[in-house]
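Engineer: Contents are mmCIF, C-alpha atoms; chains and numbers go by the auth columns; file name entry09.cif:
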```
data_structure
loop_
_atom_site.group_PDB
_atom_site.id
_atom_site.type_symbol
_atom_site.label_atom_id
_atom_site.label_comp_id
_atom_site.label_asym_id
_atom_site.label_seq_id
_atom_site.Cartn_x
_atom_site.Cartn_y
_atom_site.Cartn_z
_atom_site.B_iso_or_equiv
_atom_site.auth_seq_id
_atom_site.auth_asym_id
ATOM 1 C CA MET A 1 0.000 0.000 0.000 0.00 1 A
ATOM 2 C CA ALA A 2 1.530 3.324 -1.014 0.00 2 A
ATOM 3 C CA GLY A 3 2.266 5.739 1.792 0.00 3 A
ATOM 4 C CA ASN A 4 0.168 8.445 0.140 0.00 4 A
ATOM 5 C CA GLN A 5 -2.945 6.240 0.544 0.00 5 A
ATOM 6 C CA LEU A 6 -2.439 5.831 4.261 0.00 6 A
ATOM 7 C CA GLU A 7 -3.711 8.325 6.791 0.00 7 A
ATOM 8 C CA ILE A 8 -0.597 9.942 8.249 0.00 8 A
ATOM 9 C CA TYR A 9 -0.446 12.395 11.137 0.00 9 A
ATOM 10 C CA ARG A 10 2.424 14.829 11.730 0.00 10 A
ATOM 11 C CA LYS A 11 3.573 17.279 14.370 0.00 11 A
ATOM 12 C CA GLN A 12 6.706 19.354 14.025 0.00 12 A
ATOM 13 C CA ALA A 13 9.114 19.917 16.855 0.00 13 A
ATOM 14 C CA GLN A 14 9.038 23.204 18.673 0.00 14 A
ATOM 15 C CA GLY A 15 12.076 24.989 17.313 0.00 15 A
ATOM 16 C CA ARG A 16 14.791 23.447 15.171 0.00 16 A
ATOM 17 C CA SER A 17 15.174 19.699 15.599 0.00 17 A
ATOM 18 C CA ASP A 18 18.619 18.106 15.680 0.00 18 A
ATOM 19 C CA HIS A 19 17.258 14.657 16.449 0.00 19 A
ATOM 20 C CA PRO A 20 15.960 11.800 14.305 0.00 20 A
ATOM 21 C CA PRO A 21 12.218 12.004 13.641 0.00 21 A
ATOM 22 C CA VAL A 22 9.929 9.434 15.220 0.00 22 A
ATOM 23 C CA LEU A 23 7.349 7.308 13.423 0.00 23 A
ATOM 24 C CA PHE A 24 4.795 5.720 15.769 0.00 24 A
ATOM 25 C CA VAL A 25 3.127 2.391 14.904 0.00 25 A
ATOM 26 C CA HIS A 26 -0.037 1.436 16.781 0.00 26 A
ATOM 27 C CA GLY A 27 -0.999 -2.024 17.961 0.00 27 A
ATOM 28 C CA ALA A 28 -3.912 -4.376 17.362 0.00 28 A
ATOM 29 C CA TRP A 29 -7.425 -2.895 17.545 0.00 29 A
ATOM 30 C CA HIS A 30 -5.926 0.608 17.889 0.00 30 A
ATOM 31 C CA GLY A 31 -5.122 3.484 15.539 0.00 31 A
ATOM 32 C CA ALA A 32 -2.853 6.494 15.447 0.00 32 A
ATOM 33 C CA TRP A 33 -5.229 8.149 17.929 0.00 33 A
ATOM 34 C CA CYS A 34 -3.516 6.284 20.781 0.00 34 A
ATOM 35 C CA TRP A 35 -0.350 8.359 20.318 0.00 35 A
ATOM 36 C CA GLN A 36 -2.064 11.718 20.031 0.00 36 A
ATOM 37 C CA GLU A 37 -3.395 12.090 23.557 0.00 37 A
ATOM 38 C CA HIS A 38 0.034 12.462 25.211 0.00 38 A
ATOM 39 C CA PHE A 39 2.998 11.383 23.113 0.00 39 A
ATOM 40 C CA PHE A 40 2.597 13.636 20.078 0.00 40 A
ATOM 41 C CA ASP A 41 2.725 16.932 21.949 0.00 41 A
ATOM 42 C CA TYR A 42 5.302 15.728 24.459 0.00 42 A
ATOM 43 C CA PHE A 43 7.809 14.560 21.848 0.00 43 A
ATOM 44 C CA ALA A 44 7.352 17.779 19.847 0.00 44 A
ATOM 45 C CA GLU A 45 7.881 19.863 22.994 0.00 45 A
ATOM 46 C CA ASN A 46 11.144 17.952 23.450 0.00 46 A
ATOM 47 C CA GLY A 47 12.406 18.946 20.005 0.00 47 A
ATOM 48 C CA ILE A 48 11.459 15.797 18.053 0.00 48 A
ATOM 49 C CA ASP A 49 9.420 15.729 14.835 0.00 49 A
ATOM 50 C CA VAL A 50 6.742 13.033 15.091 0.00 50 A
ATOM 51 C CA MET A 51 4.567 11.085 12.699 0.00 51 A
ATOM 52 C CA ALA A 52 2.053 8.278 13.107 0.00 52 A
ATOM 53 C CA LEU A 53 0.020 6.262 10.641 0.00 53 A
ATOM 54 C CA ASP A 54 -3.205 4.341 10.640 0.00 54 A
ATOM 55 C CA LEU A 55 -2.295 0.890 9.351 0.00 55 A
ATOM 56 C CA ARG A 56 -4.440 -0.372 6.470 0.00 56 A
ATOM 57 C CA GLY A 57 -8.045 -0.865 7.501 0.00 57 A
ATOM 58 C CA HIS A 58 -7.552 1.033 10.765 0.00 58 A
ATOM 59 C CA GLY A 59 -8.667 4.552 11.588 0.00 59 A
ATOM 60 C CA LYS A 60 -8.964 6.544 8.377 0.00 60 A
ATOM 61 C CA SER A 61 -6.683 4.360 6.228 0.00 61 A
ATOM 62 C CA PRO A 62 -8.622 2.381 3.607 0.00 62 A
ATOM 63 C CA PRO A 63 -8.583 -1.413 3.619 0.00 63 A
ATOM 64 C CA VAL A 64 -6.735 -3.311 0.905 0.00 64 A
ATOM 65 C CA LYS A 65 -8.612 -6.557 1.567 0.00 65 A
ATOM 66 C CA SER A 66 -10.810 -8.022 4.255 0.00 66 A
ATOM 67 C CA MET A 67 -9.390 -7.204 7.681 0.00 67 A
ATOM 68 C CA ARG A 68 -9.161 -10.893 8.636 0.00 68 A
ATOM 69 C CA PHE A 69 -6.588 -11.529 5.885 0.00 69 A
ATOM 70 C CA ASN A 70 -4.063 -8.791 6.720 0.00 70 A
ATOM 71 C CA ARG A 71 -0.625 -10.154 7.587 0.00 71 A
ATOM 72 C CA ILE A 72 2.046 -8.614 9.798 0.00 72 A
ATOM 73 C CA ALA A 73 4.220 -8.334 6.674 0.00 73 A
ATOM 74 C CA ASP A 74 1.462 -6.206 5.082 0.00 74 A
ATOM 75 C CA TYR A 75 1.536 -3.841 8.031 0.00 75 A
ATOM 76 C CA ALA A 76 5.341 -3.681 7.747 0.00 76 A
ATOM 77 C CA ASP A 77 4.867 -2.740 4.078 0.00 77 A
ATOM 78 C CA ASP A 78 2.697 0.166 5.234 0.00 78 A
ATOM 79 C CA VAL A 79 5.318 1.406 7.682 0.00 79 A
ATOM 80 C CA LEU A 80 8.201 1.065 5.239 0.00 80 A
ATOM 81 C CA SER A 81 6.247 2.912 2.551 0.00 81 A
ATOM 82 C CA VAL A 82 6.143 5.878 4.939 0.00 82 A
ATOM 83 C CA VAL A 83 9.812 5.501 5.886 0.00 83 A
ATOM 84 C CA GLU A 84 10.775 5.606 2.189 0.00 84 A
ATOM 85 C CA ASN A 85 9.343 9.114 1.905 0.00 85 A
ATOM 86 C CA MET A 86 10.932 10.555 5.039 0.00 86 A
ATOM 87 C CA GLU A 87 13.839 12.951 4.575 0.00 87 A
ATOM 88 C CA ALA A 88 15.807 11.604 7.548 0.00 88 A
ATOM 89 C CA LYS A 89 16.157 8.124 9.001 0.00 89 A
ATOM 90 C CA PRO A 90 13.481 7.774 11.693 0.00 90 A
ATOM 91 C CA VAL A 91 13.259 5.968 14.949 0.00 91 A
ATOM 92 C CA VAL A 92 10.264 3.657 14.565 0.00 92 A
ATOM 93 C CA ILE A 93 8.397 3.103 17.826 0.00 93 A
ATOM 94 C CA GLY A 94 5.806 0.331 17.834 0.00 94 A
ATOM 95 C CA HIS A 95 3.335 -0.675 20.528 0.00 95 A
ATOM 96 C CA SER A 96 2.151 -4.268 21.073 0.00 96 A
ATOM 97 C CA MET A 97 1.378 -5.743 17.612 0.00 97 A
ATOM 98 C CA GLY A 98 3.031 -2.593 16.248 0.00 98 A
ATOM 99 C CA GLY A 99 6.151 -3.760 18.070 0.00 99 A
ATOM 100 C CA LEU A 100 6.178 -6.931 15.982 0.00 100 A
ATOM 101 C CA VAL A 101 5.592 -4.825 12.865 0.00 101 A
ATOM 102 C CA THR A 102 8.606 -2.770 13.947 0.00 102 A
ATOM 103 C CA GLN A 103 10.664 -5.950 14.393 0.00 103 A
ATOM 104 C CA HIS A 104 9.867 -6.838 10.764 0.00 104 A
ATOM 105 C CA CYS A 105 10.939 -3.358 9.659 0.00 105 A
ATOM 106 C CA MET A 106 14.184 -3.770 11.612 0.00 106 A
ATOM 107 C CA LYS A 107 14.826 -7.053 9.839 0.00 107 A
ATOM 108 C CA ARG A 108 13.908 -5.907 6.353 0.00 108 A
ATOM 109 C CA ALA A 109 15.288 -2.380 6.279 0.00 109 A
ATOM 110 C CA SER A 110 17.466 -1.585 9.286 0.00 110 A
ATOM 111 C CA GLY A 111 19.703 0.567 7.089 0.00 111 A
ATOM 112 C CA LYS A 112 16.797 2.970 6.667 0.00 112 A
ATOM 113 C CA LEU A 113 16.188 3.348 10.411 0.00 113 A
ATOM 114 C CA ALA A 114 18.075 5.323 13.055 0.00 114 A
ATOM 115 C CA GLY A 115 16.783 3.067 15.824 0.00 115 A
ATOM 116 C CA ALA A 116 13.742 1.225 17.113 0.00 116 A
ATOM 117 C CA GLY A 117 11.579 1.441 20.205 0.00 117 A
ATOM 118 C CA LEU A 118 9.397 -1.489 21.272 0.00 118 A
ATOM 119 C CA LEU A 119 6.667 -0.527 23.733 0.00 119 A
ATOM 120 C CA ALA A 120 4.835 -3.378 25.507 0.00 120 A
ATOM 121 C CA THR A 121 5.711 -5.317 22.382 0.00 121 A
ATOM 122 C CA VAL A 122 4.683 -8.695 21.073 0.00 122 A
ATOM 123 C CA PRO A 123 7.638 -10.770 22.326 0.00 123 A
ATOM 124 C CA TRP A 124 10.208 -12.017 19.859 0.00 124 A
ATOM 125 C CA ASN A 125 8.931 -15.596 20.326 0.00 125 A
ATOM 126 C CA GLY A 126 5.206 -14.929 20.037 0.00 126 A
ATOM 127 C CA VAL A 127 1.978 -14.538 21.960 0.00 127 A
ATOM 128 C CA TRP A 128 1.211 -18.069 23.191 0.00 128 A
ATOM 129 C CA PRO A 129 1.247 -17.122 26.907 0.00 129 A
ATOM 130 C CA ALA A 130 -1.111 -14.192 26.281 0.00 130 A
ATOM 131 C CA THR A 131 -3.386 -16.386 24.162 0.00 131 A
ATOM 132 C CA ILE A 132 -3.653 -18.985 26.923 0.00 132 A
ATOM 133 C CA LYS A 133 -4.485 -16.305 29.507 0.00 133 A
ATOM 134 C CA VAL A 134 -7.271 -14.862 27.351 0.00 134 A
ATOM 135 C CA ALA A 135 -8.624 -18.312 26.446 0.00 135 A
ATOM 136 C CA LEU A 136 -8.769 -19.410 30.093 0.00 136 A
ATOM 137 C CA ARG A 137 -10.323 -16.149 31.281 0.00 137 A
ATOM 138 C CA HIS A 138 -12.901 -15.884 28.460 0.00 138 A
ATOM 139 C CA PRO A 139 -13.299 -19.305 26.806 0.00 139 A
ATOM 140 C CA LEU A 140 -16.604 -18.614 25.032 0.00 140 A
ATOM 141 C CA ILE A 141 -15.423 -15.288 23.628 0.00 141 A
ATOM 142 C CA PHE A 142 -12.153 -16.851 22.543 0.00 142 A
ATOM 143 C CA ALA A 143 -14.065 -19.645 20.793 0.00 143 A
ATOM 144 C CA GLU A 144 -16.277 -17.106 19.023 0.00 144 A
ATOM 145 C CA ALA A 145 -13.227 -15.180 17.785 0.00 145 A
ATOM 146 C CA ASN A 146 -11.711 -18.333 16.335 0.00 146 A
ATOM 147 C CA LEU A 147 -14.928 -19.610 14.780 0.00 147 A
ATOM 148 C CA ARG A 148 -15.681 -16.259 13.128 0.00 148 A
ATOM 149 C CA TRP A 149 -12.065 -15.413 12.218 0.00 149 A
ATOM 150 C CA THR A 150 -12.340 -12.021 13.865 0.00 150 A
ATOM 151 C CA LEU A 151 -10.603 -10.651 16.936 0.00 151 A
ATOM 152 C CA TYR A 152 -13.213 -7.993 17.673 0.00 152 A
ATOM 153 C CA PRO A 153 -15.226 -10.100 20.161 0.00 153 A
ATOM 154 C CA ILE A 154 -12.242 -10.044 22.514 0.00 154 A
ATOM 155 C CA VAL A 155 -12.481 -6.256 22.924 0.00 155 A
ATOM 156 C CA ARG A 156 -16.193 -5.793 22.215 0.00 156 A
ATOM 157 C CA LYS A 157 -17.089 -5.116 25.860 0.00 157 A
ATOM 158 C CA ALA A 158 -15.538 -2.225 27.761 0.00 158 A
ATOM 159 C CA GLY A 159 -14.769 -4.448 30.739 0.00 159 A
ATOM 160 C CA ARG A 160 -12.604 -6.765 28.662 0.00 160 A
ATOM 161 C CA ALA A 161 -10.911 -3.832 26.947 0.00 161 A
ATOM 162 C CA ARG A 162 -10.067 -2.352 30.347 0.00 162 A
ATOM 163 C CA GLU A 163 -8.713 -5.702 31.566 0.00 163 A
ATOM 164 C CA LEU A 164 -6.434 -6.050 28.543 0.00 164 A
ATOM 165 C CA PHE A 165 -5.186 -2.508 28.121 0.00 165 A
ATOM 166 C CA LEU A 166 -5.948 -0.072 30.936 0.00 166 A
ATOM 167 C CA GLU A 167 -5.436 0.519 34.625 0.00 167 A
ATOM 168 C CA ALA A 168 -7.929 -1.222 36.878 0.00 168 A
ATOM 169 C CA ASP A 169 -9.173 2.016 38.439 0.00 169 A
ATOM 170 C CA VAL A 170 -10.268 3.827 35.273 0.00 170 A
ATOM 171 C CA THR A 171 -13.921 4.835 35.450 0.00 171 A
ATOM 172 C CA GLN A 172 -16.667 3.050 33.541 0.00 172 A
ATOM 173 C CA ALA A 173 -17.143 6.168 31.410 0.00 173 A
ATOM 174 C CA GLU A 174 -13.445 6.212 30.548 0.00 174 A
ATOM 175 C CA ALA A 175 -13.489 2.508 29.700 0.00 175 A
ATOM 176 C CA ASP A 176 -16.587 2.963 27.521 0.00 176 A
ATOM 177 C CA ALA A 177 -15.018 5.870 25.638 0.00 177 A
ATOM 178 C CA PHE A 178 -11.819 3.904 25.099 0.00 178 A
ATOM 179 C CA ALA A 179 -13.587 0.748 23.916 0.00 179 A
ATOM 180 C CA ALA A 180 -15.633 2.779 21.431 0.00 180 A
ATOM 181 C CA LYS A 181 -12.404 3.686 19.609 0.00 181 A
ATOM 182 C CA LEU A 182 -11.245 0.091 19.151 0.00 182 A
ATOM 183 C CA SER A 183 -11.660 -1.635 15.790 0.00 183 A
ATOM 184 C CA ASP A 184 -11.548 -5.171 14.459 0.00 184 A
ATOM 185 C CA GLU A 185 -8.155 -6.813 13.963 0.00 185 A
ATOM 186 C CA SER A 186 -6.755 -9.344 11.529 0.00 186 A
ATOM 187 C CA TYR A 187 -7.154 -13.030 12.300 0.00 187 A
ATOM 188 C CA LEU A 188 -4.194 -13.969 10.085 0.00 188 A
ATOM 189 C CA GLY A 189 -2.224 -11.246 11.837 0.00 189 A
ATOM 190 C CA TYR A 190 -3.023 -13.019 15.097 0.00 190 A
ATOM 191 C CA LEU A 191 -1.765 -16.313 13.640 0.00 191 A
ATOM 192 C CA ASP A 192 1.401 -14.482 12.607 0.00 192 A
ATOM 193 C CA MET A 193 1.831 -13.344 16.197 0.00 193 A
ATOM 194 C CA LEU A 194 1.436 -16.929 17.366 0.00 194 A
ATOM 195 C CA GLY A 195 4.277 -18.114 15.148 0.00 195 A
ATOM 196 C CA LEU A 196 3.511 -17.945 11.429 0.00 196 A
ATOM 197 C CA GLY A 197 4.958 -14.471 10.998 0.00 197 A
ATOM 198 C CA LEU A 198 7.435 -13.793 13.775 0.00 198 A
ATOM 199 C CA ALA A 199 10.699 -12.017 13.012 0.00 199 A
ATOM 200 C CA TRP A 200 12.624 -14.360 15.360 0.00 200 A
ATOM 201 C CA ARG A 201 16.119 -13.561 16.616 0.00 201 A
ATOM 202 C CA PHE A 202 18.441 -11.525 14.426 0.00 202 A
ATOM 203 C CA ASP A 203 21.050 -8.787 14.729 0.00 203 A
ATOM 204 C CA PRO A 204 19.227 -5.559 13.838 0.00 204 A
ATOM 205 C CA GLY A 205 22.405 -3.517 13.545 0.00 205 A
ATOM 206 C CA ILE A 206 20.677 -0.482 15.086 0.00 206 A
ATOM 207 C CA PRO A 207 20.014 0.640 18.675 0.00 207 A
ATOM 208 C CA VAL A 208 16.876 -0.886 20.220 0.00 208 A
ATOM 209 C CA MET A 209 15.000 0.043 23.372 0.00 209 A
ATOM 210 C CA VAL A 210 12.241 -2.109 24.893 0.00 210 A
ATOM 211 C CA VAL A 211 9.867 -0.556 27.432 0.00 211 A
ATOM 212 C CA GLY A 212 7.473 -2.907 29.228 0.00 212 A
ATOM 213 C CA ALA A 213 4.767 -2.563 31.858 0.00 213 A
ATOM 214 C CA GLU A 214 4.729 -4.284 35.246 0.00 214 A
ATOM 215 C CA LYS A 215 0.933 -4.829 35.250 0.00 215 A
ATOM 216 C CA ASP A 216 0.607 -5.768 31.582 0.00 216 A
ATOM 217 C CA PHE A 217 -2.097 -8.456 31.311 0.00 217 A
ATOM 218 C CA LEU A 218 -0.777 -9.612 27.924 0.00 218 A
ATOM 219 C CA PHE A 219 3.027 -9.483 27.935 0.00 219 A
ATOM 220 C CA SER A 220 5.036 -10.064 31.080 0.00 220 A
ATOM 221 C CA PRO A 221 8.103 -8.074 32.113 0.00 221 A
ATOM 222 C CA ALA A 222 10.137 -11.260 31.564 0.00 222 A
ATOM 223 C CA SER A 223 8.964 -11.419 27.942 0.00 223 A
ATOM 224 C CA GLN A 224 10.047 -7.822 27.401 0.00 224 A
ATOM 225 C CA HIS A 225 13.463 -8.530 28.900 0.00 225 A
ATOM 226 C CA ALA A 226 13.855 -11.574 26.632 0.00 226 A
ATOM 227 C CA THR A 227 12.916 -9.500 23.593 0.00 227 A
ATOM 228 C CA ALA A 228 15.495 -6.856 24.454 0.00 228 A
ATOM 229 C CA GLN A 229 18.102 -9.596 24.784 0.00 229 A
ATOM 230 C CA ALA A 230 17.082 -11.090 21.435 0.00 230 A
ATOM 231 C CA TYR A 231 17.887 -7.795 19.711 0.00 231 A
ATOM 232 C CA SER A 232 20.856 -6.737 21.870 0.00 232 A
ATOM 233 C CA GLY A 233 18.803 -3.833 23.167 0.00 233 A
ATOM 234 C CA VAL A 234 18.216 -2.130 26.480 0.00 234 A
ATOM 235 C CA HIS A 235 15.012 -2.557 28.429 0.00 235 A
ATOM 236 C CA HIS A 236 13.015 -0.843 31.155 0.00 236 A
ATOM 237 C CA ILE A 237 9.868 -1.837 33.043 0.00 237 A
ATOM 238 C CA ILE A 238 7.427 0.841 34.239 0.00 238 A
ATOM 239 C CA ASP A 239 6.168 0.027 37.741 0.00 239 A
ATOM 240 C CA GLY A 240 2.412 -0.346 38.097 0.00 240 A
ATOM 241 C CA ALA A 241 1.692 0.363 34.439 0.00 241 A
ATOM 242 C CA PRO A 242 -0.799 -1.500 32.194 0.00 242 A
ATOM 243 C CA HIS A 243 -0.399 -2.594 28.583 0.00 243 A
ATOM 244 C CA ASP A 244 -1.340 0.747 27.005 0.00 244 A
ATOM 245 C CA LEU A 245 1.624 2.644 28.398 0.00 245 A
ATOM 246 C CA MET A 246 1.054 5.663 26.165 0.00 246 A
ATOM 247 C CA LEU A 247 -2.427 6.190 27.680 0.00 247 A
ATOM 248 C CA ALA A 248 -1.712 5.216 31.299 0.00 248 A
ATOM 249 C CA SER A 249 -1.118 7.561 34.201 0.00 249 A
ATOM 250 C CA GLN A 250 2.566 6.558 33.909 0.00 250 A
ATOM 251 C CA TRP A 251 2.737 7.659 30.251 0.00 251 A
ATOM 252 C CA GLN A 252 5.361 10.345 30.922 0.00 252 A
ATOM 253 C CA GLN A 253 7.785 7.820 32.430 0.00 253 A
ATOM 254 C CA ALA A 254 7.616 5.775 29.238 0.00 254 A
ATOM 255 C CA ALA A 255 7.809 8.880 27.062 0.00 255 A
ATOM 256 C CA ASP A 256 10.874 10.210 28.905 0.00 256 A
ATOM 257 C CA LEU A 257 12.728 6.933 28.362 0.00 257 A
ATOM 258 C CA LEU A 258 11.982 7.019 24.648 0.00 258 A
ATOM 259 C CA VAL A 259 12.710 10.746 24.263 0.00 259 A
ATOM 260 C CA ASP A 260 16.113 10.276 25.903 0.00 260 A
ATOM 261 C CA PHE A 261 16.729 7.257 23.665 0.00 261 A
ATOM 262 C CA VAL A 262 15.943 9.272 20.523 0.00 262 A
ATOM 263 C CA LYS A 263 18.033 12.243 21.636 0.00 263 A
ATOM 264 C CA GLY A 264 20.954 9.938 22.302 0.00 264 A
ATOM 265 C CA LEU A 265 20.957 8.880 18.648 0.00 265 A
ATOM 266 C CA GLY A 266 21.743 12.348 17.308 0.00 266 A
#
```
Using structure tokens, write down the structure from this file.

Structural biologist:
Amino acid sequence: MAGNQLEIYRKQAQGRSDHPPVLFVHGAWHGAWCWQEHFFDYFAENGIDVMALDLRGHGKSPPVKSMRFNRIADYADDVLSVVENMEAKPVVIGHSMGGLVTQHCMKRASGKLAGAGLLATVPWNGVWPATIKVALRHPLIFAEANLRWTLYPIVRKAGRARELFLEADVTQAEADAFAAKLSDESYLGYLDMLGLGLAWRFDPGIPVMVVGAEKDFLFSPASQHATAQAYSGVHHIIDGAPHDLMLASQWQQAADLLVDFVKGLG
């Protein structure tokens, strides 16, 4: 999918930027909106040009085919089509599924990237532990998702969305508003995250930072540490934080780590 067909969001740094730009990649069920509440303004205030895209079929980006048939490699195509048109090598920062998309970009085109940030990322060796947790907690919903080849049932109710992504003490109104923004997600993309489309271990040849969350329902701190080791990167765990670090009350702690990482690259 050509970058000019994707919905792309931009915010320029305040003042002249001497740092690599950042391209944010959202995770499953999300869109570029998840970066705009806190991270966009904060990175720009810290002198970093920022961009984010809606992956195909998400947000305002048009679908190429039925959502259920999108592959992680397709999403990586979307990201790399944007990278190709950037004037400077970016730091690509991906959250959750977007972290696996970023791993694919690292593997396919590391020479075009200044670095990579993986935020509560799909681990390098897949999502089997998270799948088992969801299946045991919500067996009927998990069965429905598999029978219908759609991941939307998993996040259809605000309570489940809060359990997966948010802090336990968010209000019902906040959970409802958040869940209303979530979209369907690719079933084949899910199979890729299980094992069909992992990037596996490799030497990315660029700096990598992994930032995980202590209270992440999906991906444990240990999985984030292992992923950092797989890519010879550094890692940090944010105490008390849920999966959606960029929307949590601890968002600034995660943002500061990534801002410092980007600034350290030039």

Engineer: For Val91 in chain A, which of A:His19, A:Lys215, A:His38, A:Lys60 is the closest residue, counting all atoms listed in the file?

Structural biologist: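 The shortest atom-to-atom distance to Val91 in chain A comes from A:His19.
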
Engineer: Could you check how far CA of Ala180 in chain A sits from CA of Asp78 in chain A, in Å to one decimal?

Structural biologist: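 Separation of CA of Ala180 in chain A and CA of Asp78 in chain A: 24.6 Å.
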
Engineer: Find the residue from A:Thr121, A:Gln253, A:Gln229, A:Ser66 that sits nearest to Arg201 in chain A; use all atoms listed in the file when measuring.

Structural biologist: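 Among the listed residues, the smallest separation from Arg201 in chain A belongs to A:Gln229.
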
Engineer: Using all atoms listed in the file - which residues lie no farther than 12 Å from the point (4.5, -10.7, 18.6) in the file's frame? Write them as a PyMOL selection string.

Structural biologist: chain A and resi 27-28+72+94-104+118-131+189-200+218-219+223-224+227

Engineer: So what do you get for CA of Asp260 in chain A versus CA of Ala32 in chain A, distance-wise?

Structural biologist: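 Taking CA of Asp260 in chain A as the start and CA of Ala32 in chain A as the end point, the length is 22.0 Å.
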
Engineer: Could you jot down the CA of Leu247 in chain A to CA of Ser186 in chain A separation for me, Å, one decimal place?

Structural biologist: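 The value is 22.8 Å.
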
Engineer: Expand the PyMOL selection byres ((chain A and resi 23) around 12) into the individual residues it matches in the shown file, reporting them as a count of residues only.

Structural biologist: 49

Engineer: Using the chain letters and residue numbers of this document, give as a list of chain:residue names the residues selected by the PyMOL selection byres ((chain A and resi 183) around 9).

Structural biologist: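 Those residues are A:Ala28, A:Trp29, A:His30, A:Gly31, A:His58, A:Gly59, A:Tyr152, A:Val155, A:Arg156, A:Ala179, A:Ala180, A:Lys181, A:Leu182, A:Asp184, A:Glu185.
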
Engineer: Please provide the set of residues having any atom within 9 Å of range 160-168 of chain A, restricted to all atoms listed in the file, with same-chain residues fewer than 2 positions apart removed, written as a ChimeraX atom specification.

Structural biologist: /A:134,154-158,170-171,175-176,178-179,182,215-218,240-245,247-249

Engineer: Find the residues near Glu37 in chain A: any atom within 9 Å, counting only C-alpha atoms, skip ones fewer than 4 places away on the same chain, and give them as a list in words.

Structural biologist: Trp33, Asp41, Met246 and Leu247 of chain A

Engineer: Run the PyMOL selection byres ((chain A and resi 238) around 8) on the file and write out the hits as a PDB file with C-alpha atoms, keeping the file's coordinate frame.

Structural biologist:
```
ATOM      1  CA  VAL A 211       9.867  -0.556  27.432  1.00  0.00           C
ATOM      2  CA  GLY A 212       7.473  -2.907  29.228  1.00  0.00           C
ATOM      3  CA  ALA A 213       4.767  -2.563  31.858  1.00  0.00           C
ATOM      4  CA  GLU A 214       4.729  -4.284  35.246  1.00  0.00           C
ATOM      5  CA  HIS A 236      13.015  -0.843  31.155  1.00  0.00           C
ATOM      6  CA  ILE A 237       9.868  -1.837  33.043  1.00  0.00           C
ATOM      7  CA  ASP A 239       6.168   0.027  37.741  1.00  0.00           C
ATOM      8  CA  GLY A 240       2.412  -0.346  38.097  1.00  0.00           C
ATOM      9  CA  ALA A 241       1.692   0.363  34.439  1.00  0.00           C
ATOM     10  CA  GLN A 250       2.566   6.558  33.909  1.00  0.00           C
ATOM     11  CA  GLN A 253       7.785   7.820  32.430  1.00  0.00           C
ATOM     12  CA  ALA A 254       7.616   5.775  29.238  1.00  0.00           C
TER      13      ALA A 254
END
```

Engineer: With only C-alpha atoms as the basis for distance, which of A:Arg108, A:Trp251, A:Gly159, A:Gly57 is at the shortest distance from Cys34 in chain A?

Structural biologist: A:Trp251
